$ cat start.cif   # mmCIF, C-alpha atoms
data_model
loop_
_atom_site.label_atom_id
_atom_site.label_comp_id
_atom_site.auth_asym_id
_atom_site.auth_seq_id
_atom_site.Cartn_x
_atom_site.Cartn_y
_atom_site.Cartn_z
CA MET J 127 -79.59 -39.34 34.04
CA LEU J 128 -80.51 -36.89 36.82
CA ILE J 129 -76.83 -36.00 37.24
CA LEU J 130 -76.74 -34.95 33.58
CA LEU J 131 -79.81 -32.80 34.27
CA LEU J 132 -77.96 -31.22 37.20
CA PHE J 133 -75.01 -30.23 35.02
CA PHE J 134 -77.33 -29.03 32.26
CA LEU J 135 -79.24 -26.79 34.69
CA VAL J 136 -76.06 -25.23 36.04
CA PHE J 137 -74.80 -24.52 32.54
CA LEU J 138 -78.18 -23.13 31.47
CA PHE J 139 -78.49 -20.85 34.49
CA VAL J 140 -74.95 -19.47 34.05
CA VAL J 141 -75.49 -18.88 30.31
CA ILE J 142 -78.68 -16.88 30.92
CA GLY J 143 -76.77 -14.63 33.32
CA MET J 144 -77.72 -16.00 36.72
CA PRO J 145 -75.01 -15.47 39.41
CA VAL J 146 -72.84 -18.56 39.87
CA GLY J 147 -73.84 -19.11 43.50
CA VAL J 148 -77.55 -18.84 42.73
CA ALA J 149 -77.15 -21.15 39.72
CA LEU J 150 -75.46 -23.83 41.84
CA ALA J 151 -77.99 -23.59 44.69
CA ALA J 152 -81.04 -23.53 42.38
CA SER J 153 -79.90 -26.47 40.26
CA SER J 154 -79.11 -28.49 43.40
CA LEU J 155 -82.55 -27.75 44.89
CA ILE J 156 -84.32 -28.72 41.64
CA TYR J 157 -82.32 -31.98 41.57
CA ILE J 158 -83.30 -32.84 45.15
CA LEU J 159 -86.97 -32.01 44.53
CA ILE J 160 -87.08 -34.20 41.41
CA GLU J 161 -85.18 -37.07 43.02
CA GLY J 162 -87.48 -36.93 46.06
CA ARG J 163 -85.34 -39.13 48.30
CA VAL J 164 -84.19 -36.47 50.78
CA PRO J 165 -85.99 -33.43 52.26
CA ASP J 166 -85.42 -30.13 50.49
CA LEU J 167 -84.16 -28.69 53.81
CA VAL J 168 -81.01 -30.74 53.18
CA VAL J 169 -79.97 -27.95 50.82
CA LEU J 170 -79.89 -25.43 53.65
CA HIS J 171 -78.18 -27.84 56.05
CA ARG J 172 -75.42 -28.71 53.58
CA MET J 173 -74.90 -25.07 52.65
CA VAL J 174 -74.51 -24.10 56.31
CA ASN J 175 -72.11 -26.98 56.89
CA GLY J 176 -70.13 -25.88 53.85
CA VAL J 177 -69.17 -22.57 55.45
CA ASP J 178 -68.98 -23.82 59.05
CA SER J 179 -65.19 -23.93 59.08
CA PHE J 180 -62.66 -22.06 61.21
CA PRO J 181 -60.09 -21.57 58.39
CA LEU J 182 -62.77 -19.81 56.31
CA LEU J 183 -62.66 -16.97 58.86
CA ALA J 184 -59.49 -15.91 57.05
CA VAL J 185 -61.53 -15.00 53.96
CA PRO J 186 -63.26 -11.83 55.22
CA PHE J 187 -60.14 -10.64 57.01
CA PHE J 188 -57.87 -11.00 53.96
CA ILE J 189 -60.52 -9.22 51.87
CA LEU J 190 -60.69 -6.43 54.45
CA ALA J 191 -56.89 -6.18 54.59
CA GLY J 192 -56.69 -5.77 50.79
CA ASN J 193 -59.43 -3.13 50.79
CA LEU J 194 -57.76 -1.21 53.62
CA MET J 195 -54.43 -1.18 51.79
CA ASN J 196 -56.03 0.10 48.60
CA THR J 197 -57.92 2.83 50.45
CA ALA J 198 -55.07 3.88 52.74
CA GLY J 199 -52.73 4.67 49.83
CA ILE J 200 -50.37 1.77 50.57
CA THR J 201 -50.54 0.68 46.92
CA ASN J 202 -49.06 4.03 45.82
CA ARG J 203 -46.03 3.54 48.06
CA ILE J 204 -45.56 -0.02 46.76
CA PHE J 205 -45.73 1.23 43.17
CA ASN J 206 -43.15 3.96 43.79
CA PHE J 207 -40.77 1.51 45.47
CA ALA J 208 -41.11 -0.96 42.59
CA LYS J 209 -40.45 1.90 40.17
CA ALA J 210 -37.22 2.76 42.00
CA CYS J 211 -36.12 -0.90 41.87
CA VAL J 212 -36.81 -1.83 38.23
CA GLY J 213 -38.04 1.36 36.53
CA TRP J 214 -34.58 1.91 35.03
CA MET J 215 -34.89 -1.18 32.81
CA ARG J 216 -36.06 -0.90 29.20
CA GLY J 217 -39.83 -0.92 29.28
CA GLY J 218 -39.47 0.01 32.94
CA LEU J 219 -43.10 0.56 33.86
CA GLY J 220 -43.95 -2.89 32.55
CA HIS J 221 -41.39 -4.36 34.95
CA VAL J 222 -42.70 -2.09 37.71
CA ASN J 223 -46.16 -3.46 37.03
CA VAL J 224 -44.99 -7.03 37.65
CA GLY J 225 -42.79 -6.13 40.62
CA ALA J 226 -45.56 -4.22 42.37
CA SER J 227 -47.91 -7.18 41.90
CA VAL J 228 -45.38 -9.48 43.58
CA VAL J 229 -45.22 -7.22 46.64
CA PHE J 230 -48.97 -6.67 46.74
CA ALA J 231 -49.49 -10.43 46.42
CA GLY J 232 -48.01 -10.76 49.90
CA MET J 233 -50.80 -8.57 51.26
CA SER J 234 -54.16 -9.19 49.60
CA GLY J 235 -54.13 -12.70 48.09
CA ALA J 236 -56.73 -11.83 45.44
CA ALA J 237 -56.21 -11.20 41.72
CA VAL J 238 -59.25 -8.94 41.41
CA ALA J 239 -58.01 -6.76 44.31
CA ASP J 240 -54.64 -6.43 42.55
CA ALA J 241 -56.28 -5.54 39.23
CA GLY J 242 -58.68 -3.05 40.79
CA GLY J 243 -56.21 -1.47 43.24
CA LEU J 244 -52.75 -1.46 41.68
CA GLY J 245 -54.21 -1.69 38.18
CA THR J 246 -55.72 1.78 38.44
CA ILE J 247 -52.34 3.30 39.32
CA GLU J 248 -50.32 1.21 36.87
CA ILE J 249 -52.45 1.74 33.78
CA LYS J 250 -52.66 5.52 34.35
CA ALA J 251 -48.88 5.75 34.81
CA MET J 252 -48.19 3.67 31.70
CA ARG J 253 -50.71 5.62 29.64
CA ASP J 254 -49.17 8.94 30.73
CA ALA J 255 -45.70 7.61 29.80
CA GLY J 256 -46.85 6.76 26.27
CA TYR J 257 -47.13 2.98 26.48
CA ASP J 258 -49.57 1.23 24.15
CA PRO J 259 -52.94 0.68 25.89
CA ASP J 260 -52.98 -2.99 24.81
CA PHE J 261 -49.57 -3.63 26.37
CA SER J 262 -50.57 -1.83 29.58
CA VAL J 263 -53.78 -3.83 29.97
CA GLY J 264 -52.13 -7.15 29.03
CA VAL J 265 -49.26 -6.95 31.51
CA THR J 266 -51.54 -5.63 34.27
CA ALA J 267 -54.00 -8.49 33.79
CA ALA J 268 -51.30 -11.16 33.67
CA SER J 269 -49.37 -9.83 36.68
CA SER J 270 -52.53 -9.70 38.80
CA THR J 271 -52.74 -13.51 38.69
CA ILE J 272 -49.59 -13.68 40.83
CA GLY J 273 -51.65 -12.49 43.80
CA PRO J 274 -53.38 -15.79 44.62
CA ILE J 275 -50.19 -17.84 44.12
CA ILE J 276 -47.78 -16.01 46.43
CA PRO J 277 -49.15 -16.20 50.00
CA PRO J 278 -51.52 -15.23 51.44
CA SER J 279 -54.08 -16.60 49.00
CA LEU J 280 -57.87 -16.78 49.25
CA PRO J 281 -58.17 -19.65 46.71
CA MET J 282 -55.52 -21.60 48.65
CA VAL J 283 -57.56 -21.16 51.84
CA ILE J 284 -60.69 -22.48 50.10
CA TYR J 285 -58.77 -25.41 48.60
CA GLY J 286 -57.19 -26.22 51.96
CA VAL J 287 -60.62 -26.36 53.61
CA VAL J 288 -62.16 -28.55 50.90
CA ALA J 289 -59.14 -30.85 50.53
CA SER J 290 -58.34 -30.98 54.28
CA ALA J 291 -54.81 -29.88 53.38
CA SER J 292 -52.46 -27.72 55.45
CA ILE J 293 -53.03 -24.07 54.53
CA GLY J 294 -49.58 -23.21 55.85
CA GLN J 295 -47.99 -25.74 53.49
CA LEU J 296 -50.11 -24.47 50.60
CA PHE J 297 -48.93 -20.93 51.27
CA ALA J 298 -45.30 -22.07 51.33
CA ALA J 299 -45.82 -24.07 48.12
CA GLY J 300 -46.91 -20.96 46.23
CA PHE J 301 -43.69 -18.96 46.75
CA ILE J 302 -41.46 -20.37 44.01
CA PRO J 303 -44.23 -20.77 41.37
CA GLY J 304 -45.27 -17.15 42.05
CA LEU J 305 -41.73 -15.90 41.57
CA LEU J 306 -41.41 -17.98 38.39
CA MET J 307 -44.56 -16.28 37.06
CA ALA J 308 -43.00 -12.89 37.81
CA VAL J 309 -39.72 -13.76 36.08
CA SER J 310 -41.49 -15.15 33.00
CA LEU J 311 -43.69 -12.04 32.70
CA MET J 312 -40.67 -9.74 33.05
CA LEU J 313 -38.96 -11.65 30.23
CA MET J 314 -42.10 -11.10 28.16
CA VAL J 315 -42.02 -7.38 29.01
CA ALA J 316 -38.35 -7.21 27.98
CA TRP J 317 -39.20 -8.85 24.64
CA TYR J 318 -42.02 -6.37 24.04
CA ALA J 319 -39.79 -3.43 25.05
CA LYS J 320 -37.08 -4.41 22.59
CA ARG J 321 -39.56 -5.10 19.79
CA ARG J 322 -41.48 -1.84 20.23
CA GLY J 323 -38.57 0.35 21.29
CA TYR J 324 -39.88 1.25 24.73
CA PRO J 325 -37.44 3.54 26.59
CA ARG J 326 -35.98 3.32 30.06
CA ASP J 327 -38.37 5.31 32.23
CA ALA J 328 -35.75 6.66 34.63
CA ALA J 329 -32.07 6.34 35.44
CA PHE J 330 -31.24 4.22 38.45
CA SER J 331 -30.70 6.33 41.55
CA PHE J 332 -29.63 5.11 44.98
CA SER J 333 -31.06 8.23 46.56
CA TYR J 334 -34.47 7.70 44.94
CA LEU J 335 -34.36 4.01 45.89
CA GLY J 336 -33.56 4.93 49.48
CA LYS J 337 -36.32 7.53 49.70
CA SER J 338 -38.95 5.27 48.17
CA PHE J 339 -37.87 2.40 50.41
CA ALA J 340 -38.11 4.60 53.50
CA ALA J 341 -41.57 5.80 52.42
CA ALA J 342 -42.75 2.24 51.73
CA PHE J 343 -40.92 0.47 54.57
CA LEU J 344 -43.90 0.11 56.90
CA SER J 345 -46.08 -0.98 53.97
CA LEU J 346 -43.50 -3.56 52.91
CA MET J 347 -43.56 -5.01 56.41
CA THR J 348 -47.12 -6.23 55.81
CA PRO J 349 -46.16 -9.36 53.84
CA VAL J 350 -43.29 -9.95 56.28
CA ILE J 351 -45.76 -9.99 59.16
CA ILE J 352 -48.30 -12.16 57.35
CA VAL J 353 -46.02 -14.69 55.68
CA GLY J 354 -43.29 -14.70 58.30
CA GLY J 355 -45.79 -15.17 61.10
CA ILE J 356 -47.35 -18.17 59.35
CA LEU J 357 -44.11 -19.84 58.29
CA PHE J 358 -42.49 -19.46 61.71
CA GLY J 359 -45.57 -20.71 63.52
CA ILE J 360 -46.31 -17.46 65.34
CA PHE J 361 -49.94 -17.56 64.24
CA THR J 362 -52.32 -19.49 62.00
CA PRO J 363 -53.42 -18.22 58.55
CA THR J 364 -56.68 -17.01 60.11
CA GLU J 365 -54.82 -15.13 62.83
CA ALA J 366 -52.44 -13.76 60.19
CA ALA J 367 -55.40 -12.28 58.33
CA ILE J 368 -56.57 -10.56 61.51
CA ALA J 369 -53.03 -9.26 62.13
CA ALA J 370 -52.90 -7.89 58.58
CA CYS J 371 -56.18 -5.99 59.13
CA ALA J 372 -54.98 -4.55 62.43
CA TYR J 373 -51.66 -3.48 60.92
CA ALA J 374 -53.32 -1.92 57.86
CA MET J 375 -55.68 0.04 60.13
CA ILE J 376 -52.78 1.29 62.26
CA LEU J 377 -50.95 2.47 59.13
CA GLY J 378 -54.01 4.10 57.60
CA LEU J 379 -55.45 5.73 60.73
CA LEU J 380 -52.42 6.59 62.85
CA VAL J 381 -49.25 6.57 60.71
CA TYR J 382 -50.16 7.77 57.20
CA ARG J 383 -53.46 9.35 58.31
CA THR J 384 -54.97 8.63 54.91
CA LEU J 385 -57.80 6.45 56.20
CA THR J 386 -60.71 8.46 57.54
CA TRP J 387 -63.57 6.98 59.53
CA LYS J 388 -65.86 7.62 56.58
CA ARG J 389 -63.55 5.65 54.28
CA LEU J 390 -63.25 2.92 56.89
CA LEU J 391 -67.04 2.57 56.97
CA ARG J 392 -67.17 2.32 53.15
CA VAL J 393 -64.37 -0.26 53.16
CA SER J 394 -66.24 -2.29 55.77
CA PHE J 395 -69.41 -2.36 53.69
CA ASP J 396 -67.42 -3.35 50.57
CA THR J 397 -65.80 -6.15 52.54
CA ILE J 398 -69.16 -7.40 53.83
CA GLU J 399 -70.55 -7.44 50.29
CA THR J 400 -67.55 -9.28 48.82
CA THR J 401 -67.42 -11.76 51.70
CA ALA J 402 -71.11 -12.52 51.36
CA ILE J 403 -70.67 -13.24 47.65
CA VAL J 404 -67.63 -15.48 48.19
CA LEU J 405 -69.14 -17.46 51.07
CA PHE J 406 -72.48 -17.86 49.30
CA ILE J 407 -70.62 -19.38 46.35
CA VAL J 408 -68.76 -21.70 48.75
CA ALA J 409 -72.04 -22.70 50.42
CA ALA J 410 -73.84 -23.31 47.11
CA ALA J 411 -70.91 -25.24 45.69
CA SER J 412 -70.83 -27.37 48.84
CA ILE J 413 -74.34 -28.75 48.26
CA PHE J 414 -73.50 -29.30 44.58
CA ALA J 415 -70.33 -31.19 45.53
CA TRP J 416 -72.27 -33.20 48.14
CA ILE J 417 -74.72 -34.36 45.46
CA LEU J 418 -71.83 -35.45 43.24
CA THR J 419 -70.14 -37.31 46.10
CA SER J 420 -73.32 -39.00 47.38
CA ASN J 421 -74.03 -40.26 43.86
CA ARG J 422 -70.47 -41.59 43.61
CA VAL J 423 -69.73 -39.37 40.64
CA THR J 424 -66.23 -38.81 42.04
CA GLU J 425 -65.57 -42.55 42.16
CA HIS J 426 -66.93 -43.10 38.65
CA PHE J 427 -64.82 -40.23 37.32
CA ALA J 428 -61.69 -41.62 38.98
CA ALA J 429 -62.41 -45.06 37.54
CA LEU J 430 -62.99 -43.55 34.10
CA ILE J 431 -59.71 -41.63 34.10
CA LEU J 432 -57.66 -44.48 35.55
CA GLY J 433 -59.34 -46.84 33.07
CA VAL J 434 -57.92 -44.77 30.23
CA THR J 435 -54.39 -44.55 31.64
CA ASP J 436 -52.55 -44.85 34.93
CA ASN J 437 -49.66 -42.72 33.69
CA VAL J 438 -49.48 -39.81 36.12
CA TYR J 439 -48.20 -37.39 33.48
CA LEU J 440 -51.02 -38.12 31.03
CA VAL J 441 -53.58 -37.82 33.82
CA LEU J 442 -52.14 -34.44 34.87
CA ILE J 443 -52.29 -33.25 31.26
CA MET J 444 -55.96 -34.25 31.02
CA ILE J 445 -56.77 -32.60 34.36
CA ASN J 446 -54.96 -29.41 33.35
CA ILE J 447 -57.05 -29.23 30.19
CA VAL J 448 -60.24 -29.77 32.20
CA LEU J 449 -59.28 -27.06 34.70
CA ILE J 450 -58.41 -24.50 32.03
CA VAL J 451 -61.71 -25.12 30.24
CA VAL J 452 -63.65 -24.91 33.51
CA GLY J 453 -61.79 -21.71 34.40
CA CYS J 454 -63.16 -20.11 31.24
CA PHE J 455 -66.74 -20.59 32.44
CA MET J 456 -66.76 -20.81 36.23
CA GLU J 457 -65.74 -18.52 39.08
CA THR J 458 -62.57 -19.67 40.89
CA ILE J 459 -64.05 -20.35 44.34
CA ALA J 460 -66.95 -22.36 42.90
CA ALA J 461 -64.61 -24.37 40.67
CA ILE J 462 -62.33 -25.26 43.59
CA THR J 463 -65.22 -26.29 45.83
CA ILE J 464 -66.85 -28.47 43.17
CA LEU J 465 -63.85 -30.01 41.42
CA THR J 466 -61.53 -30.71 44.34
CA PRO J 467 -63.59 -33.68 45.66
CA VAL J 468 -63.78 -35.01 42.08
CA LEU J 469 -60.17 -34.59 40.95
CA LEU J 470 -58.18 -34.96 44.15
CA PRO J 471 -58.85 -38.72 44.66
CA VAL J 472 -57.62 -39.38 41.12
CA VAL J 473 -54.25 -37.66 41.55
CA VAL J 474 -53.73 -38.92 45.10
CA ALA J 475 -54.23 -42.49 43.83
CA LEU J 476 -51.33 -41.85 41.46
CA GLY J 477 -49.06 -40.49 44.19
CA VAL J 478 -49.48 -36.74 43.63
CA ASP J 479 -49.22 -34.72 46.84
CA PRO J 480 -52.44 -32.79 47.64
CA VAL J 481 -50.39 -29.64 48.33
CA HIS J 482 -48.70 -29.85 44.92
CA PHE J 483 -52.04 -30.43 43.24
CA GLY J 484 -53.50 -27.42 45.07
CA VAL J 485 -50.91 -25.13 43.48
CA VAL J 486 -51.55 -26.66 40.05
CA MET J 487 -55.31 -26.22 40.43
CA VAL J 488 -55.13 -22.60 41.61
CA LEU J 489 -52.63 -21.68 38.88
CA ASN J 490 -54.92 -23.19 36.23
CA LEU J 491 -57.92 -21.27 37.53
CA MET J 492 -55.92 -18.02 37.70
CA ILE J 493 -55.27 -18.38 33.99
CA GLY J 494 -59.03 -18.81 33.68
CA LEU J 495 -59.46 -15.31 35.14
CA LEU J 496 -57.85 -14.00 31.94
CA THR J 497 -60.11 -15.89 29.55
CA PRO J 498 -63.66 -15.11 28.38
CA PRO J 499 -66.52 -15.40 28.99
CA VAL J 500 -66.21 -15.25 32.80
CA GLY J 501 -62.69 -13.70 33.15
CA MET J 502 -63.29 -11.37 36.10
CA VAL J 503 -59.91 -9.63 35.83
CA LEU J 504 -60.68 -8.66 32.24
CA TYR J 505 -64.00 -7.10 33.26
CA VAL J 506 -62.31 -5.14 36.06
CA LEU J 507 -59.55 -3.83 33.80
CA SER J 508 -62.01 -3.02 31.04
CA ARG J 509 -63.72 -0.69 33.49
CA VAL J 510 -60.48 0.67 34.99
CA ALA J 511 -58.75 1.29 31.64
CA LYS J 512 -61.95 2.29 29.82
CA VAL J 513 -61.09 -0.21 27.09
CA PRO J 514 -63.69 -2.50 25.40
CA PHE J 515 -63.80 -6.02 26.84
CA GLU J 516 -62.93 -7.58 23.48
CA ARG J 517 -59.79 -5.45 23.26
CA CYS J 518 -58.78 -6.51 26.79
CA VAL J 519 -59.07 -10.14 25.71
CA SER J 520 -56.86 -9.69 22.64
CA ALA J 521 -54.32 -7.66 24.66
CA THR J 522 -54.01 -10.40 27.28
CA VAL J 523 -53.63 -13.40 24.94
CA PRO J 524 -49.83 -13.02 24.35
CA PHE J 525 -49.22 -12.92 28.11
CA LEU J 526 -50.92 -16.28 28.53
CA VAL J 527 -47.88 -17.91 26.91
CA PRO J 528 -45.44 -17.38 29.82
CA LEU J 529 -48.14 -18.27 32.35
CA VAL J 530 -48.92 -21.56 30.59
CA LEU J 531 -45.19 -22.36 30.41
CA VAL J 532 -44.91 -21.84 34.17
CA LEU J 533 -48.00 -24.04 34.66
CA ILE J 534 -46.33 -26.83 32.68
CA MET J 535 -43.14 -26.51 34.74
CA VAL J 536 -45.01 -26.52 38.07
CA THR J 537 -47.16 -29.49 37.00
CA PHE J 538 -44.32 -31.75 35.94
CA ILE J 539 -41.58 -30.60 38.34
CA PRO J 540 -43.16 -31.11 41.79
CA ALA J 541 -40.04 -29.84 43.55
CA LEU J 542 -40.85 -26.30 42.40
CA SER J 543 -43.85 -26.25 44.70
CA MET J 544 -42.92 -28.92 47.27
CA TRP J 545 -39.34 -27.97 48.16
CA LEU J 546 -40.26 -25.15 50.53
CA PRO J 547 -43.13 -26.95 52.35
CA THR J 548 -40.90 -30.00 52.78
CA LEU J 549 -38.09 -27.85 54.14
CA ILE J 550 -40.29 -26.01 56.65
CA TYR J 551 -43.01 -28.43 57.67
CA ARG J 552 -41.89 -31.99 56.95
#

$ encode --input "start.cif" --output "structure tokens"
Amino acid sequence: MLILLLFFLVFLFVVIGMPVGVALAASSLIYILIEGRVPDLVVLHRMVNGVDSFPLLAVPFFILAGNLMNTAGITNRIFNFAKACVGWMRGGLGHVNVGASVVFAGMSGAAVADAGGLGTIEIKAMRDAGYDPDFSVGVTAASSTIGPIIPPSLPMVIYGVVASASIGQLFAAGFIPGLLMAVSLMLMVAWYAKRRGYPRDAAFSFSYLGKSFAAAFLSLMTPVIIVGGILFGIFTPTEAAIAACAYAMILGLLVYRTLTWKRLLRVSFDTIETTAIVLFIVAAASIFAWILTSNRVTEHFAALILGVTDNVYLVLIMINIVLIVVGCFMETIAAITILTPVLLPVVVALGVDPVHFGVVMVLNLMIGLLTPPVGMVLYVLSRVAKVPFERCVSATVPFLVPLVLVLIMVTFIPALSMWLPTLIYR
């Protein structure tokens, strides 16, 4: 009965507008005070233990790296290179939008950073070229979800910590699903372009491609350094995040000279603020998850699901539905921290690899970023594009179709996510 009260309090606090981290911590504290079996200081101890993890050091550094790249003008060079590569196709800027997100995904690992950084450039360019605002917002929102799938990925780091899974394998597992998302979105863009008669934005030019590649070469080396270093065992994901920050600072301060000390100070403060929010959510979700585990909610849930069916495909369908619904109401980091201890034992009992399930979970929750009422990407783009939130929602709905199709493929064809980790690590 008290567990039901715990869930009710969380839902109530979120509905009345309380931040997710505060809602989780407050509801957990109220539960412990009412139950009266353990000291209330347990809340603080469990929250501290929840963030006392070496891999979590990657979080602030990846956030800083993404902020540095946005501020240093690296995103502009990426956009211009993507435009030279695919801008000649019908509906070219839509394809550029997706292509730039793929490249940027190898740098920041966060959908909101993609939407806020590249999104500003992409939506302005598409608006100036005469594209419909709805189309511009929809493709920008959908393409931003590629960021946390292609490595590096903040949600993958959090999942790896909670699930005790290899972060390197999780990063490798995201490559092919991320590319599938890009291909499916480009097919959607092509369909829109043909239906609405969008033109080719520019003729293909080897000279323009060469110039844009030369201008973006050092920027494009960022994902090579991060991903290549991890996959070839040169450094850990945490060390890769530090390397990305150092490289971004060298580009911004010494090479491009676009990053002033004043901007660096502002970026540092933004990073501290974002990191504090993320880690507070992780800490609060840790105590919430501990309460669920100590009350054997995870075991009861597993028994309930397996009592209905032991067919792995049906279980995965049910879990996908749960994750998509949760993604509509809960922030990604909190959802991963709370649900992983509950759902992972169920799928592992049926033979699903934890790395494969990690990709499925993150992909589900990325789709949640595009759905109200919590959809953070929609709020960011509403501000960037100066478009009402409701219009952003309706513009994004058609682009959910290719993303859901990719989710289905990744869920039921494990090789799409497991081939690369098996090849490299196993």

$ closest_residue --input "start.cif" --among "J:Gly273, J:Phe343, J:Val474, J:Val315" --to "Leu495 (chain J)" --atoms "all atoms listed in the file"
J:Gly273

$ closest_residue --input "start.cif" --among "J:Ser310, J:Thr548, J:Thr522, J:Ser154" --to "Gly501 (chain J)" --atoms "only C-alpha atoms"
J:Thr522

$ closest_residue --input "start.cif" --among "J:Gly304, J:Gly453, J:Pro274, J:Gly220" --to "Leu496 (chain J)" --atoms "only C-alpha atoms"
J:Gly453

$ closest_residue --input "start.cif" --among "J:Ala374, J:Ala328, J:Leu470, J:Ile275" --to "Leu390 (chain J)" --atoms "all atoms listed in the file"
J:Ala374

$ resolve_selection --input "start.cif" --expression "the PyMOL selection byres ((chain J and resi 362-370) around 6)" --output "list in words"
Pro181, Ala184, Phe187, Phe188, Ala191, Ile352, Ile356, Phe361, Cys371, Ala372 and Tyr373 of chain J

$ closest_residue --input "start.cif" --among "J:Leu385, J:Val164, J:Val136, J:Ile284" --to "Ala152 (chain J)" --atoms "only C-alpha atoms"
J:Val136

$ closest_residue --input "start.cif" --among "J:Ala267, J:Leu379, J:Met215, J:Val408" --to "Ala151 (chain J)" --atoms "all atoms listed in the file"
J:Val408

$ resolve_selection --input "start.cif" --expression "the PyMOL selection byres ((chain J and resi 290-301) around 8)" --output "PyMOL selection string"
chain J and resi 275-279+282-283+285-289+302-305+356-357+362-363+480-482+484-485+542-547+551

$ atom_distance --input "start.cif" --atom1 "CA of Leu159 (chain J)" --atom2 "CA of Ser179 (chain J)"
27.4 Å

$ residues_around --input "start.cif" --residues "region 454-461 of chain J" --least-positions-apart "4" --cutoff "9 Å" --atoms "all atoms listed in the file" --output "PyMOL selection string"
chain J and resi 137+140+146-147+150+280-281+284-285+404-405+407-408+410-412+449-450+465-466+488+491-502

$ residues_around --input "start.cif" --residues "region 433-436 of chain J" --least-positions-apart "6" --cutoff "12 Å" --atoms "only C-alpha atoms" --output "PyMOL selection string"
chain J and resi 425-427+442-444+472-477

$ atom_distance --input "start.cif" --atom1 "CA of Leu170 (chain J)" --atom2 "CA of Leu182 (chain J)"
18.2 Å

$ residues_around --input "start.cif" --residues "Gly378 (chain J)" --least-positions-apart "6" --cutoff "10 Å" --atoms "only C-alpha atoms" --output "number ranges by chain"
J: 194-195, 197-200, 372, 384-386, 390

$ atom_distance --input "start.cif" --atom1 "CA of Ala210 (chain J)" --atom2 "CA of Ala511 (chain J)"
23.9 Å

$ resolve_selection --input "start.cif" --expression "the PyMOL selection byres ((chain J and resi 446) around 10)" --output "number ranges by chain"
J: 440-445, 447-452, 486-487, 489-491, 533-534, 537
